[in-house]
>>> print(open('start38.csv').read())   # CSV, C-alpha atoms
chain,number,residue,atom,x,y,z
A,108,MET,CA,-43.8,-6.9,16.7
A,109,ALA,CA,-40.2,-7.9,15.9
A,110,PRO,CA,-38.3,-9.6,18.7
A,111,ARG,CA,-35.5,-7.5,20.1
A,112,VAL,CA,-33.4,-10.3,21.4
A,113,VAL,CA,-33.3,-13.9,20.1
A,114,SER,CA,-31.3,-17.0,20.8
A,115,MET,CA,-29.9,-19.0,17.9
A,116,GLU,CA,-28.6,-22.6,17.9
A,117,ALA,CA,-26.7,-23.9,14.9
A,118,ASP,CA,-24.9,-27.0,13.9
A,119,GLY,CA,-23.4,-28.7,10.9
A,120,GLY,CA,-21.6,-31.8,9.9
A,121,SER,CA,-20.6,-34.2,7.2
A,122,ARG,CA,-20.5,-38.0,6.9
A,123,GLY,CA,-16.8,-38.6,6.1
A,124,ASN,CA,-15.3,-35.1,6.6
A,125,PRO,CA,-15.4,-34.3,3.7
A,126,GLY,CA,-18.5,-36.1,2.8
A,127,PRO,CA,-22.3,-35.6,2.4
A,128,ALA,CA,-22.8,-32.5,4.5
A,129,GLY,CA,-25.6,-30.3,5.8
A,130,TYR,CA,-26.5,-27.8,8.5
A,131,GLY,CA,-29.3,-26.9,10.8
A,132,ALA,CA,-30.2,-23.7,12.7
A,133,VAL,CA,-33.1,-22.8,15.0
A,134,VAL,CA,-34.0,-19.3,16.3
A,135,ARG,CA,-35.9,-19.0,19.5
A,136,ASP,CA,-37.6,-16.6,21.9
A,137,PRO,CA,-35.1,-16.7,24.7
A,138,GLU,CA,-37.8,-16.2,27.4
A,139,THR,CA,-40.4,-18.8,26.3
A,140,GLY,CA,-38.2,-21.1,24.1
A,141,GLU,CA,-40.7,-20.7,21.3
A,142,VAL,CA,-39.2,-21.6,17.9
A,143,LEU,CA,-39.4,-18.6,15.7
A,144,ALA,CA,-37.5,-19.9,12.6
A,145,GLU,CA,-35.7,-23.1,11.4
A,146,ARG,CA,-33.2,-23.5,8.6
A,147,SER,CA,-31.6,-26.5,7.2
A,148,GLU,CA,-29.9,-27.3,3.9
A,149,SER,CA,-27.9,-30.1,2.2
A,150,LEU,CA,-24.5,-28.9,1.0
A,151,GLY,CA,-23.3,-31.8,-1.2
A,152,THR,CA,-19.8,-32.7,-0.3
A,153,ALA,CA,-18.1,-30.5,2.4
A,154,THR,CA,-16.2,-30.7,5.7
A,155,ASN,CA,-17.7,-30.5,9.2
A,156,ASN,CA,-16.2,-27.0,9.7
A,157,VAL,CA,-17.7,-25.6,6.5
A,158,ALA,CA,-21.1,-27.0,7.4
A,159,GLU,CA,-20.9,-25.5,10.9
A,160,TYR,CA,-20.1,-22.1,9.5
A,161,GLN,CA,-23.0,-22.4,6.9
A,162,GLY,CA,-25.3,-23.2,9.8
A,163,LEU,CA,-24.1,-20.1,11.7
A,164,ILE,CA,-24.7,-18.0,8.5
A,165,ALA,CA,-28.1,-19.4,8.0
A,166,GLY,CA,-29.1,-18.8,11.6
A,167,LEU,CA,-27.9,-15.2,11.6
A,168,THR,CA,-29.7,-14.6,8.3
A,169,ALA,CA,-32.9,-15.9,9.8
A,170,ALA,CA,-32.5,-13.7,12.9
A,171,ALA,CA,-32.0,-10.7,10.7
A,172,GLU,CA,-35.1,-11.5,8.7
A,173,LEU,CA,-37.1,-11.6,12.0
A,174,GLY,CA,-35.9,-8.1,12.8
A,175,ALA,CA,-33.9,-9.0,15.9
A,176,THR,CA,-31.4,-6.5,17.2
A,177,GLU,CA,-29.4,-8.8,19.5
A,178,VAL,CA,-28.5,-12.5,19.1
A,179,ASP,CA,-27.2,-15.0,21.6
A,180,VAL,CA,-25.5,-17.6,19.4
A,181,ARG,CA,-25.1,-21.1,21.0
A,182,MET,CA,-23.0,-23.7,19.2
A,183,ASP,CA,-21.3,-26.9,20.1
A,184,SER,CA,-18.4,-26.1,17.7
A,185,LYS,CA,-15.6,-24.8,19.8
A,186,LEU,CA,-13.7,-23.9,16.7
A,187,VAL,CA,-16.4,-21.6,15.2
A,188,VAL,CA,-17.1,-19.9,18.6
A,189,GLU,CA,-13.5,-19.2,19.3
A,190,GLN,CA,-12.7,-18.0,15.8
A,191,MET,CA,-15.7,-15.7,15.7
A,192,CYS,CA,-14.7,-14.2,19.0
A,193,GLY,CA,-11.2,-13.6,17.6
A,194,ARG,CA,-9.4,-15.8,20.1
A,195,TRP,CA,-8.3,-18.5,17.5
A,196,GLN,CA,-6.7,-17.9,14.2
A,197,ILE,CA,-8.5,-19.0,11.0
A,198,LYS,CA,-5.8,-21.0,9.4
A,199,HIS,CA,-7.7,-22.9,6.8
A,200,PRO,CA,-8.2,-20.7,3.6
A,201,GLY,CA,-11.5,-22.3,2.8
A,202,LEU,CA,-13.0,-21.1,6.1
A,203,ARG,CA,-11.9,-17.4,5.8
A,204,PRO,CA,-14.6,-16.3,3.3
A,205,LEU,CA,-17.3,-18.0,5.4
A,206,ALA,CA,-16.0,-16.4,8.6
A,207,ALA,CA,-16.0,-13.0,6.8
A,208,GLN,CA,-19.6,-13.6,5.6
A,209,ALA,CA,-20.6,-14.5,9.2
A,210,ALA,CA,-18.8,-11.4,10.5
A,211,ALA,CA,-20.6,-9.2,8.0
A,212,LEU,CA,-23.9,-10.6,9.2
A,213,VAL,CA,-22.9,-9.9,12.8
A,214,GLY,CA,-22.6,-6.2,11.7
A,215,ARG,CA,-26.4,-6.1,11.1
A,216,PHE,CA,-27.1,-6.4,14.9
A,217,SER,CA,-26.4,-4.1,17.8
A,218,ALA,CA,-24.8,-7.0,19.7
A,219,VAL,CA,-24.0,-10.7,19.1
A,220,ARG,CA,-22.9,-12.9,21.9
A,221,PHE,CA,-21.2,-16.3,21.2
A,222,SER,CA,-21.1,-19.2,23.7
A,223,TRP,CA,-20.2,-22.8,23.4
A,224,ILE,CA,-22.7,-25.5,24.6
A,225,PRO,CA,-22.4,-29.3,24.9
A,226,ARG,CA,-23.9,-31.3,22.0
A,227,GLU,CA,-26.8,-32.6,24.2
A,228,GLN,CA,-27.9,-29.0,24.6
A,229,ASN,CA,-27.9,-28.5,20.8
A,230,ARG,CA,-30.2,-31.4,19.9
A,231,HIS,CA,-32.7,-29.4,17.8
A,232,ALA,CA,-30.1,-27.9,15.4
A,233,ASP,CA,-28.2,-31.2,15.4
A,234,ALA,CA,-31.3,-33.1,14.3
A,235,LEU,CA,-31.9,-30.6,11.5
A,236,ALA,CA,-28.3,-31.0,10.4
A,237,ASN,CA,-28.5,-34.8,10.4
A,238,ALA,CA,-31.6,-34.7,8.3
A,239,ALA,CA,-29.8,-32.5,5.8
A,240,MET,CA,-26.8,-34.8,5.8
A,241,ASP,CA,-29.1,-37.8,5.1
A,242,ALA,CA,-30.6,-35.9,2.2
A,243,ALA,CA,-27.1,-35.1,0.9
A,244,ALA,CA,-26.3,-38.8,1.0
A,245,GLY,CA,-29.4,-39.6,-0.9
A,246,ARG,CA,-31.2,-41.6,1.7
A,247,PRO,CA,-34.3,-41.0,3.9
A,248,SER,CA,-33.6,-39.2,7.1
A,249,ALA,CA,-33.3,-41.3,10.1
A,250,THR,CA,-33.6,-38.3,12.4
A,251,ALA,CA,-36.5,-36.2,13.2
A,252,ALA,CA,-36.1,-32.7,14.4
A,253,PRO,CA,-38.2,-31.6,17.4
A,254,GLY,CA,-40.8,-29.0,16.7
A,255,ARG,CA,-42.2,-28.1,13.3
A,256,PRO,CA,-40.7,-29.2,10.0
A,257,ALA,CA,-37.6,-27.3,8.9
A,258,THR,CA,-37.5,-24.9,6.0
A,259,THR,CA,-34.6,-24.5,3.7
A,260,ALA,CA,-32.9,-21.2,2.9
A,261,ALA,CA,-29.8,-20.2,1.1
A,262,SER,CA,-27.6,-17.9,3.1
A,263,GLY,CA,-27.5,-14.2,2.0
A,264,GLN,CA,-24.8,-11.7,2.5
A,265,PRO,CA,-25.7,-8.2,3.8
A,266,PRO,CA,-24.1,-5.0,2.4
A,267,THR,CA,-22.6,-3.9,5.7
A,268,THR,CA,-19.3,-5.1,7.1
A,269,SER,CA,-19.1,-3.2,10.4
A,270,ALA,CA,-18.9,-5.5,13.4
A,271,ALA,CA,-21.2,-5.3,16.4
A,272,PRO,CA,-19.9,-5.7,19.9
A,273,ILE,CA,-19.1,-9.3,20.7
A,274,ILE,CA,-18.4,-10.7,24.1
A,275,GLY,CA,-14.6,-10.6,24.6
A,276,SER,CA,-14.1,-7.6,22.3
A,277,ASP,CA,-14.6,-5.0,25.1
A,278,PRO,CA,-15.6,-2.0,22.9
A,279,ALA,CA,-15.1,1.5,24.4
A,280,THR,CA,-18.1,2.9,26.2
A,281,ALA,CA,-18.3,6.2,27.9
A,282,PRO,CA,-20.9,8.5,29.4
A,283,ALA,CA,-22.4,11.0,26.9
A,284,SER,CA,-21.9,14.6,28.0
A,285,TRP,CA,-21.1,18.0,26.6
A,286,GLU,CA,-19.9,19.2,30.0
A,287,PRO,CA,-16.1,19.9,30.1
A,288,ARG,CA,-14.2,17.6,32.5
A,289,PRO,CA,-11.3,18.6,34.6
A,290,THR,CA,-8.2,17.3,32.9
A,291,PHE,CA,-6.2,16.9,36.1
A,292,THR,CA,-8.4,13.9,37.0
A,293,ALA,CA,-7.8,12.2,33.7
A,294,THR,CA,-5.0,9.8,32.7
A,295,ARG,CA,-3.5,11.3,29.6
A,296,LEU,CA,-2.1,8.9,27.0
A,297,ILE,CA,0.2,10.3,24.4
A,298,LEU,CA,0.2,7.7,21.6
A,299,VAL,CA,3.2,7.8,19.3
A,300,ARG,CA,3.8,5.7,16.2
A,301,HIS,CA,7.5,4.9,15.7
A,302,GLY,CA,9.6,6.7,13.1
A,303,GLU,CA,10.1,5.6,9.5
A,304,THR,CA,11.9,2.4,8.5
A,305,ALA,CA,12.9,1.1,5.1
A,306,TYR,CA,9.7,-0.9,5.1
A,307,THR,CA,7.6,2.2,5.7
A,308,GLU,CA,9.1,3.9,2.6
A,309,GLN,CA,8.6,0.8,0.5
A,310,ARG,CA,5.0,0.2,1.7
A,311,ARG,CA,5.6,-3.3,3.0
A,312,TYR,CA,3.7,-5.1,5.7
A,313,SER,CA,5.9,-4.7,8.8
A,314,GLY,CA,4.7,-6.7,11.8
A,315,ARG,CA,6.9,-8.8,14.1
A,316,GLY,CA,10.0,-8.4,12.0
A,317,ASP,CA,12.5,-6.2,13.8
A,318,VAL,CA,13.2,-3.6,11.1
A,319,PRO,CA,15.3,-0.6,12.5
A,320,LEU,CA,14.7,3.0,12.1
A,321,SER,CA,16.1,4.6,8.9
A,322,GLU,CA,18.2,7.7,9.1
A,323,ARG,CA,15.0,9.8,8.4
A,324,GLY,CA,13.2,7.7,11.1
A,325,ARG,CA,15.9,8.6,13.7
A,326,ALA,CA,15.5,12.3,12.8
A,327,GLN,CA,11.7,12.0,13.2
A,328,ALA,CA,12.2,10.3,16.6
A,329,ARG,CA,14.3,13.3,17.8
A,330,ALA,CA,11.7,15.8,16.6
A,331,THR,CA,8.9,13.8,18.2
A,332,GLY,CA,10.8,13.8,21.5
A,333,ALA,CA,11.0,17.6,21.4
A,334,ARG,CA,7.2,17.8,20.6
A,335,VAL,CA,6.2,15.4,23.4
A,336,ALA,CA,8.4,17.4,25.9
A,337,GLU,CA,6.4,20.5,24.9
A,338,LEU,CA,3.1,18.7,25.3
A,339,ALA,CA,3.9,17.1,28.6
A,340,PRO,CA,6.8,18.5,30.6
A,341,THR,CA,6.0,15.9,33.4
A,342,VAL,CA,5.5,12.3,32.3
A,343,ALA,CA,5.0,9.3,34.7
A,344,ALA,CA,6.1,6.6,32.3
A,345,VAL,CA,7.3,5.8,28.8
A,346,LEU,CA,6.1,2.5,27.5
A,347,SER,CA,7.2,0.9,24.2
A,348,SER,CA,6.7,-2.1,22.0
A,349,PRO,CA,9.8,-4.4,22.3
A,350,LEU,CA,10.7,-3.9,18.6
A,351,SER,CA,13.7,-1.7,18.0
A,352,ARG,CA,11.9,0.8,15.8
A,353,CYS,CA,9.8,1.6,18.8
A,354,THR,CA,12.4,1.4,21.6
A,355,ALA,CA,14.7,3.8,19.6
A,356,THR,CA,11.8,6.2,19.2
A,357,ALA,CA,10.9,5.9,22.9
A,358,ALA,CA,14.6,6.5,23.9
A,359,SER,CA,14.6,9.8,22.0
A,360,ILE,CA,11.4,10.8,23.7
A,361,ALA,CA,12.8,9.9,27.2
A,362,GLU,CA,16.0,11.8,26.4
A,363,ALA,CA,14.0,14.9,25.5
A,364,LEU,CA,12.1,14.6,28.7
A,365,GLY,CA,15.3,14.9,30.7
A,366,GLY,CA,16.3,11.3,30.9
A,367,ASP,CA,14.6,10.8,34.3
A,368,VAL,CA,11.9,8.5,33.0
A,369,PRO,CA,13.1,5.1,31.9
A,370,VAL,CA,11.7,3.3,28.9
A,371,ARG,CA,9.7,0.2,29.8
A,372,THR,CA,8.9,-2.4,27.1
A,373,GLU,CA,5.4,-3.9,27.0
A,374,ASP,CA,4.9,-7.1,24.8
A,375,ASP,CA,1.2,-6.3,24.3
A,376,LEU,CA,2.2,-3.1,22.3
A,377,ILE,CA,3.9,-5.1,19.5
A,378,GLU,CA,2.5,-4.8,16.0
A,379,CYS,CA,0.0,-7.2,14.5
A,380,ASP,CA,1.5,-10.5,13.3
A,381,PHE,CA,1.0,-10.4,9.5
A,382,GLY,CA,2.1,-14.0,9.0
A,383,GLN,CA,2.9,-14.8,5.4
A,384,TRP,CA,2.4,-11.2,4.4
A,385,GLU,CA,5.4,-10.0,6.5
A,386,GLY,CA,7.8,-8.0,4.3
A,387,ARG,CA,5.6,-8.2,1.2
A,388,THR,CA,4.3,-5.0,-0.5
A,389,PHE,CA,0.6,-4.3,-0.5
A,390,ALA,CA,0.5,-5.0,-4.3
A,391,GLU,CA,2.3,-8.4,-3.8
A,392,VAL,CA,-0.2,-9.5,-1.2
A,393,ARG,CA,-3.2,-8.4,-3.4
A,394,GLN,CA,-1.8,-10.4,-6.3
A,395,GLU,CA,-0.9,-13.6,-4.4
A,396,TRP,CA,-3.7,-13.7,-1.8
A,397,PRO,CA,-6.7,-11.8,-3.3
A,398,GLY,CA,-9.4,-13.9,-1.5
A,399,GLU,CA,-7.6,-13.8,1.8
A,400,MET,CA,-7.1,-10.0,1.6
A,401,ASP,CA,-10.8,-9.4,0.8
A,402,ALA,CA,-11.7,-11.5,3.8
A,403,TRP,CA,-9.2,-9.6,6.0
A,404,LEU,CA,-10.4,-6.2,4.9
A,405,ALA,CA,-14.1,-7.3,5.5
A,406,SER,CA,-13.7,-8.3,9.1
A,407,PRO,CA,-11.3,-7.6,12.0
A,408,ARG,CA,-11.8,-11.2,13.1
A,409,ILE,CA,-10.0,-12.6,10.1
A,410,ALA,CA,-6.2,-13.0,10.3
A,411,PRO,CA,-3.7,-13.0,7.5
A,412,PRO,CA,-2.4,-16.5,6.7
A,413,GLY,CA,-0.4,-17.7,9.6
A,414,GLY,CA,-0.9,-14.3,11.4
A,415,GLU,CA,-3.1,-12.5,13.9
A,416,SER,CA,-6.5,-10.8,13.6
A,417,PHE,CA,-7.2,-7.2,14.6
A,418,THR,CA,-9.6,-8.6,17.2
A,419,GLN,CA,-6.7,-10.3,18.9
A,420,VAL,CA,-4.6,-7.1,18.7
A,421,ALA,CA,-7.5,-5.2,20.2
A,422,GLU,CA,-7.6,-7.5,23.2
A,423,ARG,CA,-3.9,-6.8,23.8
A,424,ALA,CA,-4.4,-3.0,23.4
A,425,HIS,CA,-7.3,-3.1,25.8
A,426,ARG,CA,-5.1,-4.9,28.4
A,427,VAL,CA,-2.5,-2.1,28.0
A,428,ILE,CA,-5.0,0.7,28.5
A,429,SER,CA,-6.7,-1.0,31.5
A,430,GLY,CA,-3.3,-1.5,33.2
A,431,LEU,CA,-2.2,2.1,32.6
A,432,LEU,CA,-5.5,3.5,34.0
A,433,THR,CA,-5.0,1.4,37.2
A,434,ALA,CA,-1.3,2.2,37.5
A,435,TYR,CA,-1.2,5.9,36.6
A,436,PRO,CA,-4.5,7.6,37.6
A,437,GLY,CA,-4.4,11.3,36.8
A,438,GLU,CA,-1.0,11.1,35.2
A,439,THR,CA,0.5,11.3,31.8
A,440,VAL,CA,2.0,8.3,30.0
A,441,VAL,CA,3.7,8.1,26.6
A,442,VAL,CA,2.9,5.0,24.6
A,443,VAL,CA,5.2,4.2,21.6
A,444,SER,CA,3.7,1.5,19.4
A,445,HIS,CA,2.7,0.6,15.8
A,446,VAL,CA,-0.1,1.4,13.4
A,447,SER,CA,-2.5,-1.4,14.3
A,448,PRO,CA,-2.5,-1.1,18.2
A,449,ILE,CA,-2.8,2.7,18.0
A,450,LYS,CA,-5.6,2.6,15.4
A,451,LEU,CA,-7.5,0.1,17.6
A,452,MET,CA,-7.1,2.3,20.7
A,453,LEU,CA,-8.4,5.3,18.7
A,454,ARG,CA,-11.3,3.3,17.3
A,455,ASP,CA,-12.5,2.3,20.7
A,456,ALA,CA,-11.9,5.8,22.2
A,457,LEU,CA,-14.1,7.3,19.4
A,458,ALA,CA,-16.6,4.4,19.6
A,459,ALA,CA,-16.1,4.1,15.9
A,460,GLY,CA,-17.0,1.1,13.6
A,461,ASP,CA,-14.5,-1.3,12.1
A,462,GLY,CA,-14.4,0.7,8.8
A,463,PHE,CA,-12.4,3.3,10.8
A,464,LEU,CA,-9.4,1.0,10.8
A,465,HIS,CA,-9.1,1.2,7.0
A,466,ARG,CA,-10.0,4.9,6.7
A,467,LEU,CA,-7.6,6.4,9.3
A,468,PHE,CA,-4.1,7.0,8.2
A,469,LEU,CA,-1.3,7.3,10.8
A,470,ASP,CA,2.0,8.8,9.7
A,471,ALA,CA,5.3,7.6,11.0
A,472,ALA,CA,6.1,9.5,14.2
A,473,GLY,CA,2.6,10.9,14.4
A,474,ILE,CA,1.2,11.8,17.8
A,475,SER,CA,-2.4,11.2,19.1
A,476,VAL,CA,-3.6,12.3,22.6
A,477,LEU,CA,-6.4,10.7,24.7
A,478,ASP,CA,-7.7,11.7,28.1
A,479,MET,CA,-9.4,8.9,30.0
A,480,TRP,CA,-11.4,9.2,33.3
A,481,PRO,CA,-12.1,6.6,35.9
A,482,ASP,CA,-15.8,6.5,35.1
A,483,GLY,CA,-15.1,5.6,31.5
A,484,GLY,CA,-15.2,9.1,30.1
A,485,VAL,CA,-12.9,9.7,27.1
A,486,ALA,CA,-11.8,12.8,25.3
A,487,VAL,CA,-9.8,12.4,22.1
A,488,ARG,CA,-7.6,15.6,22.0
A,489,THR,CA,-5.4,15.0,19.0
A,490,VAL,CA,-5.1,12.4,16.2
A,491,ASN,CA,-2.0,12.0,14.0
A,492,ASP,CA,-0.3,15.3,14.8
A,493,THR,CA,2.7,15.7,12.5
A,494,ALA,CA,3.4,19.4,12.7
A,495,HIS,CA,6.7,18.7,14.4
A,496,LEU,CA,8.0,16.9,11.3
A,497,ALA,CA,7.4,19.8,8.9
A,498,THR,CA,11.0,21.0,9.1
A,499,LEU,CA,12.3,17.6,8.1
A,500,ASP,CA,10.6,17.7,4.6
>>> encode(input="start38.csv", output="C-alpha cells")
Amino acid sequence: MAPRVVSMEADGGSRGNPGPAGYGAVVRDPETGEVLAERSESLGTATNNVAEYQGLIAGLTAAAELGATEVDVRMDSKLVVEQMCGRWQIKHPGLRPLAAQAAALVGRFSAVRFSWIPREQNRHADALANAAMDAAAGRPSATAAPGRPATTAASGQPPTTSAAPIIGSDPATAPASWEPRPTFTATRLILVRHGETAYTEQRRYSGRGDVPLSERGRAQARATGARVAELAPTVAAVLSSPLSRCTATAASIAEALGGDVPVRTEDDLIECDFGQWEGRTFAEVRQEWPGEMDAWLASPRIAPPGGESFTQVAERAHRVISGLLTAYPGETVVVVSHVSPIKLMLRDALAAGDGFLHRLFLDAAGISVLDMWPDGGVAVRTVNDTAHLATLD
C-alpha cells in the first residue's frame, strides 16, 4: 500500500562553491522513521545552492515514485525553504530553472509543507551528500550514511505545473454546498481593475511604475463608477492601490457613489513588481529572457529578475481580504487594484489551480464581484464584467 504522507530530508553541497558537488535525499515514514527511499548523486562541479535544489528535486521525485500524496520537506538550507515558500526572491538565474522544476514536482502532490531544520537534524541526507561530493572529487568517501546504502537516481520532471498548497500560501477553502446563502450576511467585494494606460495599449509590463490613465482610461473610470453605483448604491469603503492609475479610477467611483465615501490607499494592493521587465513589451521579454520567462510561467514561486513572485503577491492579497472581512462584516467594499492581485483573489475564491493565472484575461476597468461569508463560504458572482464599457468602443 502506498504511503499517504511521507517526510523527506534533503541536502547538497560542494567542496569549493563551486567545486565537486553532490546531493543526498532520504524519504521516511513519518510515524516510524523507517527509510523508504534514498537518493544521492555526484554532480561534477556546481555550487552549494544548485546541489541543494538537486537534492530537493531528487527527494520529491522519490516521494512521487512511492505514490505519496503529501510530503513534509525538511532541509537545513534556509535559502531553498524560503524561496520555495515564495518569501525570498530567486535572484540567481542559474537557480530559477531548478526552482521551477521543483515547483512542478510539488504540483504532483495534494500538499507539500516546507520547514527548516538545523544541520544536526539532517545528518542522514548530509552524509549521503558528502559521500556524493567525495565521489565527485575522485576520492573514497570518508562519510558513511546511516541506514542502507544509497541508490542513485537522476531527477525527472513531471508533465504538470500546477502547485499544491504550501504552508504560507493560504489557499482559499470553503464549505461545499448547493444551498443558497443569504447575501446580507456576506461581505461583498467589488474588484475593479484600473482603466487603460499607455502601457496597457502597448502591451507592456506595468508593475510598480506610476503610469497615469490615458484619456480613454479616464473615460473608462467614469463609466465604471456609474456601473458600480448601480451594483451597490451603499458602499462602506473604497480601497485603492497607491498608484495613480488606480487612485484616479477609485476617485471616479467614489464620485459616482455621491462623494460620501473617501478613497483609502492600501499598499498591499499594488501591482506585482516585474523587476527588469518593467516597461518592456511581452515580445521583448521573451527575446531577452527566454529561460527566465519559461520558469516564471511554470511556477508562481518564480519572480522576474529583480522582481516579485506571484506567491508573494498572493500573500499581500490574502492580507487585504482578511482585513476587509474583519473590518466590514456584511458590508460592500470596492477594491481598485491591478491584474495580478485581482487574478490571485479570483484564483483562491474559485479554488483554481495556478494555470488559472495565465488563462484568465482581465480587461482594463473590468469588474468582478465576490461574496464572502464568515465561515469561509465564497460565491463568485461576476468575473470581468465590461458591459459598461460598450458605449466607449
>>> residues_around(input="start38.csv", residues="A:Glu177", least_positions_apart="5", cutoff="7 Å", atoms="only C-alpha atoms", output="PDB file with C-alpha atoms, in the frame of the given file")
ATOM      1  CA  ARG A 111     -35.500  -7.500  20.100  1.00  0.00           C
ATOM      2  CA  VAL A 112     -33.400 -10.300  21.400  1.00  0.00           C
ATOM      3  CA  VAL A 113     -33.300 -13.900  20.100  1.00  0.00           C
ATOM      4  CA  PHE A 216     -27.100  -6.400  14.900  1.00  0.00           C
ATOM      5  CA  SER A 217     -26.400  -4.100  17.800  1.00  0.00           C
ATOM      6  CA  ALA A 218     -24.800  -7.000  19.700  1.00  0.00           C
ATOM      7  CA  VAL A 219     -24.000 -10.700  19.100  1.00  0.00           C
TER       8      VAL A 219
END
>>> atom_distance(input="start38.csv", atom1="atom CA of A:Thr356", atom2="atom CA of A:Leu469")
15.6 Å
>>> closest_residue(input="start38.csv", among="A:Ala405, A:Leu173, A:Leu464, A:Leu376", to="A:Ala207", atoms="only C-alpha atoms")
A:Ala405
>>> closest_residue(input="start38.csv", among="A:Pro369, A:Gly214, A:Gly302, A:Gly129", to="A:Leu167", atoms="all atoms listed in the file")
A:Gly214
>>> closest_residue(input="start38.csv", among="A:Ser359, A:Ser447, A:Thr294, A:Ser347", to="A:Arg325", atoms="all atoms listed in the file")
A:Ser359
>>> closest_residue(input="start38.csv", among="A:Asp401, A:Glu378, A:Glu145, A:Asp470", to="A:Gln327", atoms="only C-alpha atoms")
A:Asp470
>>> closest_residue(input="start38.csv", among="A:Gly430, A:Gly316, A:Gly324, A:Pro411", to="A:Glu303", atoms="all atoms listed in the file")
A:Gly324
>>> closest_residue(input="start38.csv", among="A:Arg454, A:Arg300, A:Arg387, A:Arg334", to="A:Leu496", atoms="all atoms listed in the file")
A:Arg334
>>> closest_atom_pairs(input="start38.csv", of="stretch 336-427 of chain A", to="stretch 436-444 of chain A", cutoff="6 Å", atoms="all atoms listed in the file", output="CSV")
residue,atom,partner,partner_atom,distance
A:Val342,CA,A:Thr439,CA,5.1
A:Ala343,CA,A:Val440,CA,5.7
A:Ala344,CA,A:Val440,CA,5.0
A:Val345,CA,A:Val441,CA,4.8
A:Leu346,CA,A:Val442,CA,5.0
A:Ser347,CA,A:Val443,CA,4.7
A:Ser348,CA,A:Ser444,CA,5.4
A:Cys353,CA,A:Val443,CA,6.0
A:Leu376,CA,A:Ser444,CA,5.6
>>> atom_distance(input="start38.csv", atom1="atom CA of A:Asn155", atom2="atom CA of A:Gly119")
6.2 Å
>>> decode(input="start38.csv", residues="stretch 448-468 of chain A", atoms="C-alpha atoms", output="mmCIF file, in the first residue's frame")
data_model
loop_
_atom_site.group_PDB
_atom_site.id
_atom_site.type_symbol
_atom_site.label_atom_id
_atom_site.label_comp_id
_atom_site.auth_asym_id
_atom_site.auth_seq_id
_atom_site.Cartn_x
_atom_site.Cartn_y
_atom_site.Cartn_z
ATOM 1 C CA PRO A 448 -3.713 40.895 -7.225
ATOM 2 C CA ILE A 449 -7.223 40.557 -8.672
ATOM 3 C CA LYS A 450 -6.369 37.356 -10.552
ATOM 4 C CA LEU A 451 -4.919 35.848 -7.380
ATOM 5 C CA MET A 452 -8.013 36.792 -5.373
ATOM 6 C CA LEU A 453 -10.213 35.148 -8.008
ATOM 7 C CA ARG A 454 -7.961 32.079 -8.211
ATOM 8 C CA ASP A 455 -8.317 31.464 -4.492
ATOM 9 C CA ALA A 456 -12.032 32.281 -4.440
ATOM 10 C CA LEU A 457 -12.603 29.671 -7.161
ATOM 11 C CA ALA A 458 -10.153 27.189 -5.583
ATOM 12 C CA ALA A 459 -8.484 27.056 -9.002
ATOM 13 C CA GLY A 460 -5.008 25.867 -9.920
ATOM 14 C CA ASP A 461 -2.112 28.089 -10.872
ATOM 15 C CA GLY A 462 -2.803 27.618 -14.590
ATOM 16 C CA PHE A 463 -5.810 29.878 -13.994
ATOM 17 C CA LEU A 464 -3.455 32.856 -13.680
ATOM 18 C CA HIS A 465 -2.364 32.575 -17.318
ATOM 19 C CA ARG A 466 -5.772 31.619 -18.708
ATOM 20 C CA LEU A 467 -7.934 34.348 -17.185
ATOM 21 C CA PHE A 468 -7.975 37.657 -19.043
#
